[in-house]
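Asks: Next comes the structure file structure-v3.txt, holding compact mmCIF, C-alpha atoms and all ligand atoms.
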```txt
# COMPACT_ATOMS: atom_id res chain seq x y z
CA MET A 1 2.80 -22.20 -25.96
CA PRO A 2 0.29 -19.61 -24.70
CA HIS A 3 -2.90 -21.30 -23.54
CA PHE A 4 -5.88 -21.18 -21.21
CA LEU A 5 -8.10 -23.89 -19.80
CA ILE A 6 -11.77 -23.21 -19.44
CA ARG A 7 -14.29 -25.19 -17.42
CA THR A 8 -17.97 -25.13 -18.28
CA ASN A 9 -20.98 -27.33 -17.56
CA SER A 10 -22.45 -26.59 -20.98
CA ASN A 11 -22.34 -29.86 -22.87
CA SER A 12 -21.80 -28.23 -26.16
CA MET A 13 -19.33 -25.49 -26.91
CA ILE A 14 -21.43 -24.01 -29.69
CA LEU A 15 -19.22 -21.17 -30.71
CA THR A 16 -18.78 -19.81 -34.21
CA PRO A 17 -16.55 -17.02 -35.55
CA GLU A 18 -19.68 -14.83 -35.70
CA SER A 19 -20.05 -15.13 -31.90
CA PHE A 20 -16.91 -13.07 -31.39
CA ASP A 21 -15.97 -9.41 -31.62
CA GLU A 22 -12.68 -8.30 -33.06
CA PHE A 23 -9.99 -7.06 -30.75
CA SER A 24 -7.52 -4.25 -31.20
CA TYR A 25 -4.26 -3.73 -29.40
CA LYS A 26 -1.47 -1.30 -30.27
CA ASN A 27 -2.84 -0.43 -33.71
CA THR A 28 -3.27 -4.11 -34.63
CA ILE A 29 -6.60 -5.83 -35.21
CA TYR A 30 -7.21 -9.48 -34.30
CA LYS A 31 -10.23 -11.08 -35.91
CA ILE A 32 -11.53 -14.65 -35.81
CA GLU A 33 -12.04 -15.53 -39.46
CA ASN A 34 -12.84 -19.25 -39.50
CA CYS A 35 -13.02 -22.46 -37.54
CA TRP A 36 -12.58 -26.08 -38.57
CA HIS A 37 -13.70 -29.18 -36.71
CA SER A 38 -12.20 -32.66 -36.67
CA SER A 39 -13.41 -35.54 -34.48
CA LYS A 40 -10.99 -34.52 -31.72
CA LYS A 41 -10.21 -30.87 -32.16
CA THR A 42 -11.38 -27.50 -33.34
CA LEU A 43 -9.00 -25.09 -35.00
CA TRP A 44 -9.65 -21.34 -34.92
CA GLU A 45 -8.10 -19.09 -37.53
CA ILE A 46 -7.17 -15.60 -36.40
CA TYR A 47 -6.34 -12.92 -38.92
CA ILE A 48 -4.00 -10.25 -37.59
CA SER A 49 -3.78 -7.00 -39.50
CA GLY A 50 -1.28 -4.43 -38.34
CA MET A 51 0.62 -1.42 -39.54
CA ILE A 52 3.63 -3.44 -40.62
CA LYS A 53 2.40 -6.82 -41.83
CA SER A 54 -0.68 -8.96 -41.77
CA ARG A 55 -0.61 -12.64 -40.84
CA THR A 56 -2.69 -15.56 -39.66
CA ILE A 57 -2.33 -17.68 -36.53
CA PHE A 58 -4.32 -20.69 -35.32
CA ILE A 59 -5.71 -21.63 -31.95
CA GLU A 60 -6.30 -25.26 -31.19
CA GLN A 61 -9.23 -26.25 -28.95
CA LYS A 62 -9.56 -29.72 -27.44
CA SER A 63 -11.48 -31.39 -24.65
CA THR A 64 -9.50 -32.63 -21.67
CA LYS A 65 -10.58 -34.19 -18.37
CA SER A 66 -10.45 -30.84 -16.63
CA GLY A 67 -12.04 -28.70 -19.32
CA HIS A 68 -11.58 -27.17 -22.75
CA LEU A 69 -8.00 -26.33 -23.57
CA PHE A 70 -7.30 -23.45 -25.97
CA LYS A 71 -3.72 -23.07 -27.11
CA ILE A 72 -1.74 -21.52 -29.91
CA TYR A 73 -1.29 -24.16 -32.61
CA LYS A 74 2.41 -24.87 -32.58
CA ALA A 75 2.59 -26.61 -35.97
CA SER A 76 1.85 -23.32 -37.72
CA LYS A 77 5.06 -21.87 -36.18
CA PRO A 78 3.52 -18.62 -34.97
CA GLU A 79 5.49 -15.62 -33.78
CA ILE A 80 4.28 -15.06 -30.25
CA ASP A 81 4.18 -11.53 -28.91
CA ASP A 82 2.39 -9.58 -26.25
CA GLY A 83 -0.50 -8.79 -28.60
CA ILE A 84 -1.25 -12.50 -29.12
CA LYS A 85 -1.36 -13.09 -25.38
CA LYS A 86 -3.68 -10.11 -24.95
CA PHE A 87 -5.86 -11.46 -27.72
CA LEU A 88 -6.06 -14.89 -26.03
CA GLN A 89 -7.06 -13.14 -22.84
CA PHE A 90 -9.79 -11.25 -24.71
CA PHE A 91 -10.90 -14.46 -26.45
CA SER A 92 -11.27 -16.16 -23.06
CA CYS A 93 -13.33 -13.20 -21.76
CA GLN A 94 -15.62 -13.46 -24.74
CA ILE A 95 -16.14 -17.21 -24.24
CA GLN A 96 -16.99 -16.55 -20.59
CA GLY A 97 -19.41 -13.90 -21.75
CA ILE A 98 -21.13 -16.24 -24.19
CA LEU A 99 -21.26 -19.25 -21.83
CA ASN A 100 -22.53 -17.97 -18.50
CA ASP A 101 -21.08 -20.77 -16.40
CA ALA A 102 -17.58 -20.80 -17.94
CA ASP A 103 -14.52 -20.22 -15.75
CA ILE A 104 -10.86 -19.93 -16.60
CA ILE A 105 -9.14 -22.45 -14.36
CA GLN A 106 -5.62 -22.17 -15.67
CA ASN A 107 -3.56 -20.03 -18.04
CA ASN A 108 0.06 -19.12 -18.75
CA LEU A 109 -0.70 -15.67 -20.14
CA SER A 110 0.68 -13.82 -17.14
CA SER A 111 3.35 -14.75 -14.62
CA SER A 112 0.90 -14.58 -11.71
CA GLY A 113 -1.72 -16.73 -13.47
CA ARG A 114 -4.18 -13.85 -13.08
CA PHE A 115 -5.01 -11.89 -16.17
CA PRO A 116 -3.64 -8.36 -16.12
CA PRO A 117 -5.97 -5.65 -17.46
CA LEU A 118 -6.41 -5.69 -21.22
CA ILE A 119 -6.16 -1.90 -21.47
CA ASP A 120 -8.59 -0.35 -23.84
CA SER A 121 -6.35 0.67 -26.74
CA GLU A 122 -8.17 3.99 -27.11
CA TYR A 123 -6.93 5.01 -23.69
CA GLU A 124 -3.62 3.24 -23.69
CA MET A 125 -0.89 4.78 -21.59
CA SER A 126 2.44 5.43 -23.15
CA GLY A 127 5.20 5.31 -20.61
CA PRO A 128 5.26 7.50 -17.57
CA ILE A 129 4.43 10.64 -19.51
CA ALA A 130 0.91 11.83 -18.90
CA GLN A 131 -1.30 11.66 -21.96
CA PHE A 132 -4.60 13.03 -20.80
CA VAL A 133 -7.58 11.94 -22.83
CA ASP A 134 -9.56 14.75 -24.38
CA TRP A 135 -12.84 13.58 -22.85
CA LYS A 136 -14.80 16.41 -24.46
CA LYS A 137 -13.70 15.17 -27.85
CA SER A 138 -14.14 11.56 -26.90
CA PHE A 139 -17.77 12.07 -25.74
CA GLY A 140 -18.48 14.82 -28.28
CA ASN A 141 -19.69 17.21 -25.58
CA ASP A 142 -18.45 18.95 -22.44
CA LYS A 143 -20.97 17.61 -19.91
CA ASP A 144 -19.84 16.82 -16.36
CA LEU A 145 -17.77 13.65 -15.92
CA ILE A 146 -18.85 11.02 -13.39
CA VAL A 147 -16.56 8.07 -12.68
CA GLU A 148 -17.35 4.71 -11.09
CA ILE A 149 -14.39 2.69 -9.82
CA GLY A 150 -14.65 -1.13 -9.64
CA PHE A 151 -18.02 -1.42 -11.39
CA GLY A 152 -18.02 -5.27 -11.34
CA ARG A 153 -21.14 -6.36 -13.23
CA GLY A 154 -21.95 -2.80 -14.24
CA ASP A 155 -25.38 -2.55 -12.56
CA PHE A 156 -24.60 0.74 -10.88
CA LEU A 157 -23.46 2.31 -14.18
CA PHE A 158 -26.97 1.76 -15.55
CA LYS A 159 -28.40 3.32 -12.41
CA LEU A 160 -26.04 6.29 -12.74
CA ARG A 161 -27.28 6.73 -16.29
CA ARG A 162 -30.90 6.94 -15.02
CA PHE A 163 -29.99 9.36 -12.22
CA TYR A 164 -27.59 11.52 -14.16
CA PRO A 165 -28.82 11.51 -17.77
CA GLU A 166 -27.02 14.80 -18.40
CA CYS A 167 -23.55 13.56 -17.46
CA ASN A 168 -20.79 11.62 -19.18
CA LEU A 169 -20.07 8.35 -17.39
CA ILE A 170 -16.79 6.45 -17.18
CA GLY A 171 -16.28 3.08 -15.50
CA MET A 172 -12.88 1.84 -14.34
CA GLU A 173 -12.32 -1.83 -13.60
CA THR A 174 -9.27 -4.09 -13.42
CA GLN A 175 -11.06 -7.39 -14.23
CA PRO A 176 -11.06 -7.93 -18.03
CA LYS A 177 -14.04 -10.29 -17.77
CA SER A 178 -16.16 -7.69 -15.94
CA VAL A 179 -15.24 -5.09 -18.57
CA TYR A 180 -16.10 -7.42 -21.39
CA LEU A 181 -19.44 -8.50 -19.90
CA THR A 182 -20.44 -4.93 -19.05
CA LYS A 183 -19.47 -3.76 -22.52
CA ARG A 184 -21.82 -6.40 -23.97
CA LYS A 185 -24.65 -5.28 -21.69
CA LEU A 186 -24.11 -1.66 -22.75
CA MET A 187 -24.15 -2.63 -26.41
CA LYS A 188 -27.34 -4.69 -25.97
CA ALA A 189 -28.98 -1.72 -24.28
CA ASN A 190 -27.79 0.56 -27.10
CA GLU A 191 -26.01 2.64 -24.50
CA SER A 192 -23.12 4.42 -26.16
CA GLY A 193 -22.55 7.22 -23.65
CA ILE A 194 -20.74 5.15 -21.01
CA LYS A 195 -17.03 4.50 -21.50
CA LEU A 196 -15.19 1.65 -19.79
CA ILE A 197 -11.50 1.60 -18.98
CA ASN A 198 -9.72 -1.63 -18.14
CA ILE A 199 -6.89 -0.38 -15.96
CA SER A 200 -6.49 0.27 -12.27
CA ALA A 201 -8.15 3.42 -11.00
CA LEU A 202 -4.94 4.96 -9.72
CA SER A 203 -3.27 4.67 -13.14
CA ALA A 204 -6.41 5.83 -14.94
CA LEU A 205 -6.80 8.90 -12.75
CA THR A 206 -3.10 9.71 -12.94
CA TYR A 207 -2.58 9.35 -16.67
CA LEU A 208 -5.92 9.92 -18.33
CA PHE A 209 -7.54 12.81 -16.47
CA GLU A 210 -6.59 16.42 -16.18
CA GLN A 211 -6.57 18.30 -12.92
CA GLY A 212 -10.08 19.45 -11.91
CA SER A 213 -11.83 17.48 -14.65
CA ILE A 214 -14.15 15.11 -12.71
CA SER A 215 -17.39 16.03 -10.92
CA LYS A 216 -18.12 12.87 -8.94
CA ILE A 217 -16.42 9.58 -8.15
CA PHE A 218 -18.37 6.54 -6.91
CA ILE A 219 -16.76 3.54 -5.21
CA ASN A 220 -19.10 0.73 -4.19
CA PHE A 221 -17.83 -2.10 -2.01
CA PRO A 222 -14.09 -2.04 -2.66
CA VAL A 223 -12.32 -5.11 -1.27
CA PRO A 224 -11.36 -4.01 2.27
CA TRP A 225 -8.16 -6.09 2.59
CA PRO A 226 -8.41 -5.96 6.38
CA LYS A 227 -5.07 -7.56 7.27
CA LYS A 228 -2.13 -5.24 7.80
CA ARG A 229 0.10 -7.09 5.35
CA GLN A 230 -2.60 -6.66 2.65
CA SER A 231 -3.03 -2.95 3.28
CA ASN A 232 -1.05 -1.99 0.15
CA LYS A 233 -3.78 -3.64 -1.95
CA ARG A 234 -6.50 -1.28 -0.70
CA LEU A 235 -7.97 1.00 -3.33
CA VAL A 236 -8.39 3.92 -0.93
CA SER A 237 -4.87 4.90 0.11
CA GLY A 238 -3.17 8.21 0.84
CA GLU A 239 -1.80 8.32 -2.71
CA PHE A 240 -5.17 7.47 -4.24
CA VAL A 241 -7.00 10.16 -2.25
CA LYS A 242 -4.43 12.81 -3.22
CA ILE A 243 -4.68 12.07 -6.91
CA ALA A 244 -8.49 11.79 -6.76
CA SER A 245 -8.63 15.16 -4.99
CA ASN A 246 -6.43 16.70 -7.67
CA ARG A 247 -8.55 15.30 -10.52
CA LEU A 248 -11.87 16.35 -8.96
CA LYS A 249 -13.29 19.80 -9.57
CA LYS A 250 -13.53 22.14 -6.62
CA GLY A 251 -16.65 21.03 -4.78
CA GLY A 252 -16.37 17.61 -6.48
CA ILE A 253 -17.48 14.56 -4.49
CA ILE A 254 -16.12 11.10 -3.71
CA ASN A 255 -18.87 8.66 -2.73
CA LEU A 256 -18.02 5.47 -0.88
CA ALA A 257 -20.22 2.52 0.11
CA THR A 258 -18.70 -0.35 2.07
CA ASP A 259 -19.66 -3.15 4.44
CA SER A 260 -16.45 -2.71 6.46
CA GLU A 261 -16.64 -0.24 9.33
CA ASP A 262 -12.83 -0.16 9.64
CA TYR A 263 -12.36 0.56 5.95
CA PHE A 264 -15.02 3.26 6.21
CA ARG A 265 -13.27 5.00 9.12
CA MET A 266 -9.83 4.64 7.55
CA SER A 267 -11.06 6.07 4.24
CA LYS A 268 -12.86 8.97 5.87
CA SER A 269 -9.79 9.98 7.78
CA LEU A 270 -7.66 9.80 4.60
CA PHE A 271 -10.26 11.94 2.80
CA ALA A 272 -10.25 14.46 5.64
CA GLU A 273 -6.44 14.66 5.60
CA SER A 274 -6.60 15.62 1.92
CA GLY A 275 -9.06 18.44 2.42
CA PHE A 276 -12.40 16.64 1.98
CA ILE A 277 -15.34 17.35 4.26
CA GLU A 278 -18.45 15.29 4.80
CA SER A 279 -21.35 16.35 2.63
CA SER A 280 -24.95 15.10 2.52
CA ILE A 281 -25.27 11.62 1.01
CA ASP A 282 -25.65 11.62 -2.78
CA GLU A 283 -29.30 11.39 -3.94
CA ILE A 284 -28.63 8.13 -5.76
CA TYR A 285 -28.05 6.39 -2.41
CA LYS A 286 -31.14 7.88 -0.76
CA THR A 287 -34.01 6.64 -2.85
CA GLU A 288 -33.39 2.96 -3.40
CA LYS A 289 -30.87 0.20 -2.79
CA ILE A 290 -27.47 0.50 -4.45
CA GLY A 291 -28.46 -2.62 -6.37
CA THR A 292 -25.08 -4.27 -6.94
CA LYS A 293 -24.03 -7.89 -6.47
CA TYR A 294 -21.97 -7.10 -3.39
CA GLU A 295 -24.64 -4.99 -1.73
CA ASN A 296 -27.06 -7.92 -2.11
CA LYS A 297 -24.48 -10.32 -0.78
CA TRP A 298 -23.75 -8.30 2.36
CA LEU A 299 -27.41 -7.46 3.02
CA ASN A 300 -28.31 -11.15 2.75
CA GLU A 301 -25.63 -11.85 5.36
CA GLY A 302 -27.22 -9.21 7.61
CA ARG A 303 -24.25 -6.83 7.47
CA ALA A 304 -24.51 -3.07 7.89
CA ILE A 305 -23.69 -0.82 4.93
CA TYR A 306 -21.71 2.37 5.51
CA ILE A 307 -22.04 5.22 3.03
CA CYS A 308 -20.43 8.62 2.86
CA SER A 309 -20.15 11.46 0.36
CA MET A 310 -17.02 13.53 0.85
CA LYS A 311 -16.71 16.92 -0.76
CA LYS A 312 -13.46 18.42 -2.00
CA HIS A 313 -13.33 21.42 0.23
CA ALA A 314 -9.84 22.79 -0.06
CA ALA A 315 -6.92 21.47 -1.98
CA VAL A 316 -3.82 20.92 0.08
CA PRO A 317 -1.18 22.67 -2.03
CA GLN A 318 0.93 19.98 -3.65
CA ALA A 319 4.18 21.87 -3.15
CA LEU A 320 3.79 21.80 0.61
CA SER A 321 5.23 18.84 2.39
CA LYS A 322 3.51 17.36 5.38
CA LYS A 323 5.19 17.61 8.77
CA ASP A 324 4.24 15.94 11.97
CA SER A 325 2.34 18.50 14.04
CA THR A 326 4.34 17.53 17.12
CA GLU A 327 7.68 17.96 15.36
CA LYS A 328 9.85 20.76 16.68
CA ASP A 329 11.23 22.71 13.78
CA SER A 330 13.39 25.70 14.52
CA LYS A 331 13.02 26.93 10.94
CA SER A 332 9.24 27.05 11.13
CA ALA A 333 7.62 30.31 11.97
CA ALA A 334 4.74 28.72 13.89
CA PRO A 335 3.35 31.06 16.50
CA ALA A 336 4.36 29.77 19.92
CA GLU A 337 0.85 30.10 21.36
CA PHE A 338 -0.51 28.02 18.48
CA ALA A 339 1.91 25.18 19.01
CA ALA A 340 0.88 25.06 22.65
CA ALA A 341 -2.83 24.95 21.93
CA LYS A 342 -3.21 21.46 20.47
CA GLU A 343 -6.79 21.05 21.58
CA ILE A 344 -9.31 23.28 23.28
CA THR A 345 -12.89 22.62 24.24
CA LEU A 346 -15.34 25.48 24.03
CA PRO A 347 -19.06 25.33 24.87
CA ASP A 348 -20.03 24.86 21.24
CA VAL A 349 -17.05 23.14 19.69
CA THR A 350 -13.80 21.27 20.29
CA LEU A 351 -10.89 22.36 18.16
CA LYS A 352 -7.95 20.11 17.62
CA LEU A 353 -4.75 20.75 15.73
CA LYS A 354 -4.53 17.86 13.29
CA ASP A 355 -1.71 18.58 10.89
CA ARG A 356 0.76 21.19 9.95
CA TYR A 357 2.21 21.59 6.50
CA THR A 358 5.18 23.72 5.63
CA ASP A 359 6.72 24.73 2.34
CA ALA A 360 10.35 24.03 1.42
CA SER A 361 11.60 27.38 2.74
CA GLY A 362 9.78 26.89 6.03
CA ASN A 363 8.29 30.38 5.70
CA ARG A 364 4.76 29.38 4.79
CA GLN A 365 2.60 27.27 7.10
CA LEU A 366 -0.75 25.65 6.61
CA TYR A 367 -2.62 24.31 9.61
CA VAL A 368 -5.40 21.74 9.51
CA ILE A 369 -7.75 21.97 12.46
CA ASP A 370 -10.52 19.51 13.26
CA ALA A 371 -13.60 21.28 14.59
CA ILE A 372 -16.07 18.92 16.23
CA GLY A 373 -19.30 20.29 17.65
CA HIS A 374 -22.93 19.37 18.19
CA ASN A 375 -23.88 20.03 14.61
CA LEU A 376 -20.64 19.99 12.79
CA SER A 377 -17.58 18.00 12.08
CA GLU A 378 -15.43 20.20 9.94
CA GLN A 379 -11.89 20.74 8.92
CA LEU A 380 -10.52 24.23 8.89
CA PHE A 381 -7.46 25.39 7.09
CA PHE A 382 -5.55 28.26 8.50
CA ASP A 383 -2.51 30.05 7.13
CA GLY A 384 -2.78 33.30 8.95
CA LYS A 385 -6.16 34.14 7.49
CA MET A 386 -9.17 31.86 7.08
CA LEU A 387 -9.20 29.69 3.99
CA ASN A 388 -12.26 27.90 2.68
CA VAL A 389 -14.08 27.79 5.96
CA SER A 390 -17.78 27.25 5.58
CA THR A 391 -19.98 30.03 6.85
CA PHE A 392 -21.42 28.31 9.87
CA VAL A 393 -18.10 27.88 11.59
CA MET A 394 -17.86 30.75 14.03
CA LEU A 395 -14.78 32.87 13.90
CA PRO A 396 -14.94 33.75 17.61
CA SER A 397 -14.16 30.11 18.39
CA ILE A 398 -11.14 30.26 16.16
CA ASN A 399 -9.97 33.42 17.85
CA ALA A 400 -10.40 31.72 21.21
CA PHE A 401 -8.37 28.81 19.91
CA PHE A 402 -5.43 30.99 19.00
CA ASN A 403 -5.65 33.04 22.16
CA THR A 404 -5.60 30.04 24.47
C1 LIG B 501 -15.97 -6.39 -4.27
S1 LIG B 501 -16.06 -5.96 -5.95
C2 LIG B 501 -17.43 -4.81 -6.00
C3 LIG B 501 -18.07 -4.76 -7.36
C4 LIG B 501 -19.29 -3.85 -7.48
N1 LIG B 501 -18.96 -2.45 -7.24
C5 LIG B 501 -20.40 -4.30 -6.56
O1 LIG B 501 -20.78 -3.51 -5.66
O2 LIG B 501 -20.91 -5.40 -6.74
C6 LIG B 501 -14.66 -4.87 -6.17
C7 LIG B 501 -14.40 -4.56 -7.63
O3 LIG B 501 -13.38 -3.60 -7.73
C8 LIG B 501 -12.50 -3.98 -8.78
N2 LIG B 501 -11.19 -3.36 -8.49
C9 LIG B 501 -10.31 -3.73 -7.53
N3 LIG B 501 -9.25 -2.90 -7.53
C10 LIG B 501 -9.47 -1.98 -8.50
C11 LIG B 501 -8.74 -0.86 -9.00
N4 LIG B 501 -7.57 -0.55 -8.47
N5 LIG B 501 -9.26 -0.14 -10.01
C12 LIG B 501 -10.46 -0.48 -10.55
N6 LIG B 501 -11.20 -1.52 -10.12
C13 LIG B 501 -10.72 -2.26 -9.12
C14 LIG B 501 -12.49 -5.48 -8.72
O4 LIG B 501 -12.07 -6.10 -9.93
C15 LIG B 501 -13.96 -5.77 -8.42
O5 LIG B 501 -14.73 -5.89 -9.58
```
Can the structure from this file be put into structure tokens for me?
Replies:
Amino acid sequence: MPHFLIRTNSNSMILTPESFDEFSYKNTIYKIENCWHSSKKTLWEIYISGMIKSRTIFIEQKSTKSGHLFKIYKASKPEIDDGIKKFLQFFSCQIQGILNDADIIQNNLSSSGRFPPLIDSEYEMSGPIAQFVDWKKSFGNDKDLIVEIGFGRGDFLFKLRRFYPECNLIGMETQPKSVYLTKRKLMKANESGIKLINISALSALTYLFEQGSISKIFINFPVPWPKKRQSNKRLVSGEFVKIASNRLKKGGIINLATDSEDYFRMSKSLFAESGFIESSIDEIYKTEKIGTKYENKWLNEGRAIYICSMKKHAAVPQALSKKDSTEKDSKSAAPAEFAAAKEITLPDVTLKLKDRYTDASGNRQLYVIDAIGHNLSEQLFFDGKMLNVSTFVMLPSINAFFNT
């Protein structure tokens, strides 16, 4: 039977049906209606009202040596479905929210033992088909959208609200408990203009946001997963950066704060490959500390904090496929002198051919050139004429590059 085991130092588990919010999943509402106590057990009555039929199930709670066990009461012969498991997950999050020291130490609600995201039903995904949320309708206005990924305890969302009172804020977080606790804090603060989504950022960006709809993305202290075999768990990946770039407006910004120098470098180079350039650090990072749990943790350990703000400078056309710049391709119409000039150093700047993209026919080329000088570190895009090059990059250097 579905269950979870919760450990808490609180002597009493003073919980009443009034302590809990109702939960909705796939057009069904789960509400704790009643609870009964015997000398050994507590029984919770859950009323489930859905589109098709309404019913009641019971959850049995008893003390064991290791903690408080909550499980579906078998004697009532309940029909178990995904919604019930999601509800139990939500119930456990609420208990952890009410009792500060409570931890889930065991559950059979997911095969991995870790709770998958609850998925806010309002923003539920349906299959692989994109169903973008109409954020204007959802917020009731068309203010700029700012997104924070992995908000943890939610402290930075409150800070974003102070710094950007004129923007709509959305938090994305995979941990159901963090979402639940932050939602409670928002409700206590009467803050209704911040929306939380309990799914992974890559899915949220892919399915819920239209192209060019986000102004800023903030990522504070993502887990760096430093080992090579863990690299697929990193939030910032090539795929993530591409989709984030597509969902950001032109000139939109991704902000990253991390304690890992390697992660910082790796992320910056992925951003640069997708057409981002370094911009001045966002104001929110300049005036005071970031103020999150993980910033405090790393500062207390004496670690350095690395911060960057990367601006979407030029979108790499999605239809173009990337080719190794060293690859010899007879179909490509790359000018011979260009292919030869991989790197040149001029008095003011070093130019380096970084990447070459070509379209399916091989007729259209896009070159990415790193320009590194005393005062600049830029990426240039060249497809025969200059594209999106900022004004202070001098064309004579580019001409010299192609004439070398
Ligand atoms: C190290 S914590 C940092 C939390 C918070 N930003 C801070 O500075 O204290 C990383 C957070 O990112 C969340 N997270 C990890 N992968 C995620 C993803 N793919 N999408 C959204 N959140 C994610 C984790 O659940 C966790 O809360």
Asks: Taking 3 positions as the minimum chain separation for residues in the same chain, which residues sit within 10 Å of range 162-166 of chain A when counting all atoms listed in the file? Answer as a list in words.
Replies: Lys143, Asp144, Leu145, Ile146, Phe156, Leu157, Phe158, Lys159, Leu169, Gly193, Glu283 and Ile284 of chain A
Asks: Using all atoms listed in the file, find each residue with an atom at most 7 Å away from ligand LIG 501 (chain B) and format the answer as a PDB file with C-alpha atoms, in the coordinates of the input.
Replies:
```pdb
ATOM      1  CA  ILE A 149     -14.390   2.690  -9.820  1.00  0.00           C
ATOM      2  CA  GLY A 150     -14.650  -1.130  -9.640  1.00  0.00           C
ATOM      3  CA  PHE A 151     -18.020  -1.420 -11.390  1.00  0.00           C
ATOM      4  CA  GLY A 152     -18.020  -5.270 -11.340  1.00  0.00           C
ATOM      5  CA  ARG A 153     -21.140  -6.360 -13.230  1.00  0.00           C
ATOM      6  CA  MET A 172     -12.880   1.840 -14.340  1.00  0.00           C
ATOM      7  CA  GLU A 173     -12.320  -1.830 -13.600  1.00  0.00           C
ATOM      8  CA  THR A 174      -9.270  -4.090 -13.420  1.00  0.00           C
ATOM      9  CA  GLN A 175     -11.060  -7.390 -14.230  1.00  0.00           C
ATOM     10  CA  SER A 178     -16.160  -7.690 -15.940  1.00  0.00           C
ATOM     11  CA  ILE A 199      -6.890  -0.380 -15.960  1.00  0.00           C
ATOM     12  CA  SER A 200      -6.490   0.270 -12.270  1.00  0.00           C
ATOM     13  CA  ALA A 201      -8.150   3.420 -11.000  1.00  0.00           C
ATOM     14  CA  LEU A 202      -4.940   4.960  -9.720  1.00  0.00           C
ATOM     15  CA  ILE A 219     -16.760   3.540  -5.210  1.00  0.00           C
ATOM     16  CA  ASN A 220     -19.100   0.730  -4.190  1.00  0.00           C
ATOM     17  CA  PHE A 221     -17.830  -2.100  -2.010  1.00  0.00           C
ATOM     18  CA  PRO A 222     -14.090  -2.040  -2.660  1.00  0.00           C
ATOM     19  CA  VAL A 223     -12.320  -5.110  -1.270  1.00  0.00           C
ATOM     20  CA  LEU A 235      -7.970   1.000  -3.330  1.00  0.00           C
ATOM     21  CA  THR A 292     -25.080  -4.270  -6.940  1.00  0.00           C
ATOM     22  CA  LYS A 293     -24.030  -7.890  -6.470  1.00  0.00           C
ATOM     23  CA  TYR A 294     -21.970  -7.100  -3.390  1.00  0.00           C
ATOM     24  CA  GLU A 295     -24.640  -4.990  -1.730  1.00  0.00           C
TER      25      GLU A 295
END
```
Asks: Leaving out range 64-81 of chain A and any residue of its chain fewer than 2 positions from it, which residues lie within 8 Å of it when counting all atoms listed in the file, given as a PyMOL selection string?
Replies: chain A and resi 1-8+57-62+83-85
Asks: Given 4 Å of margin on each side, can you work out the centre and size in Å (one decimal) of an axis-aligned box holding every listed atom of range 137-150 of chain A, as JSON?
Replies:
```
{"center_x": -17.3, "center_y": 8.9, "center_z": -19.0, "size_x": 15.3, "size_y": 28.1, "size_z": 26.6}
```
Asks: Got a sec: who's within 12 Å of Gly113 in chain A, counting only C-alpha atoms, leaving out chain neighbours fewer than 2 positions off, as a VMD selection string?
Replies: chain A and resid 2 to 5 89 104 to 111 115 to 116
Asks: Next, dump the selected residues to file, keeping only C-alpha atoms, as a PDB file, in the coordinates of the input.
Replies:
```
ATOM      1  CA  PRO A   2       0.290 -19.610 -24.700  1.00  0.00           C
ATOM      2  CA  HIS A   3      -2.900 -21.300 -23.540  1.00  0.00           C
ATOM      3  CA  PHE A   4      -5.880 -21.180 -21.210  1.00  0.00           C
ATOM      4  CA  LEU A   5      -8.100 -23.890 -19.800  1.00  0.00           C
ATOM      5  CA  GLN A  89      -7.060 -13.140 -22.840  1.00  0.00           C
ATOM      6  CA  ILE A 104     -10.860 -19.930 -16.600  1.00  0.00           C
ATOM      7  CA  ILE A 105      -9.140 -22.450 -14.360  1.00  0.00           C
ATOM      8  CA  GLN A 106      -5.620 -22.170 -15.670  1.00  0.00           C
ATOM      9  CA  ASN A 107      -3.560 -20.030 -18.040  1.00  0.00           C
ATOM     10  CA  ASN A 108       0.060 -19.120 -18.750  1.00  0.00           C
ATOM     11  CA  LEU A 109      -0.700 -15.670 -20.140  1.00  0.00           C
ATOM     12  CA  SER A 110       0.680 -13.820 -17.140  1.00  0.00           C
ATOM     13  CA  SER A 111       3.350 -14.750 -14.620  1.00  0.00           C
ATOM     14  CA  PHE A 115      -5.010 -11.890 -16.170  1.00  0.00           C
ATOM     15  CA  PRO A 116      -3.640  -8.360 -16.120  1.00  0.00           C
TER      16      PRO A 116
END
```
Asks: Write out as a list of chain:residue names the residues lying within 6 Å of Tyr30 in chain A, counting all atoms listed in the file and excluding same-chain residues fewer than 6 positions away.
Replies: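 Selected residues are A:Glu22, A:Phe23, A:Tyr47, A:Ile48.
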Asks: For a test of reading the model, state the distance in Å between CA of Ser54 in chain A and CA of Lys31 in chain A, rounded to one decimal.
Replies: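 These two atoms are separated by 11.4 Å.
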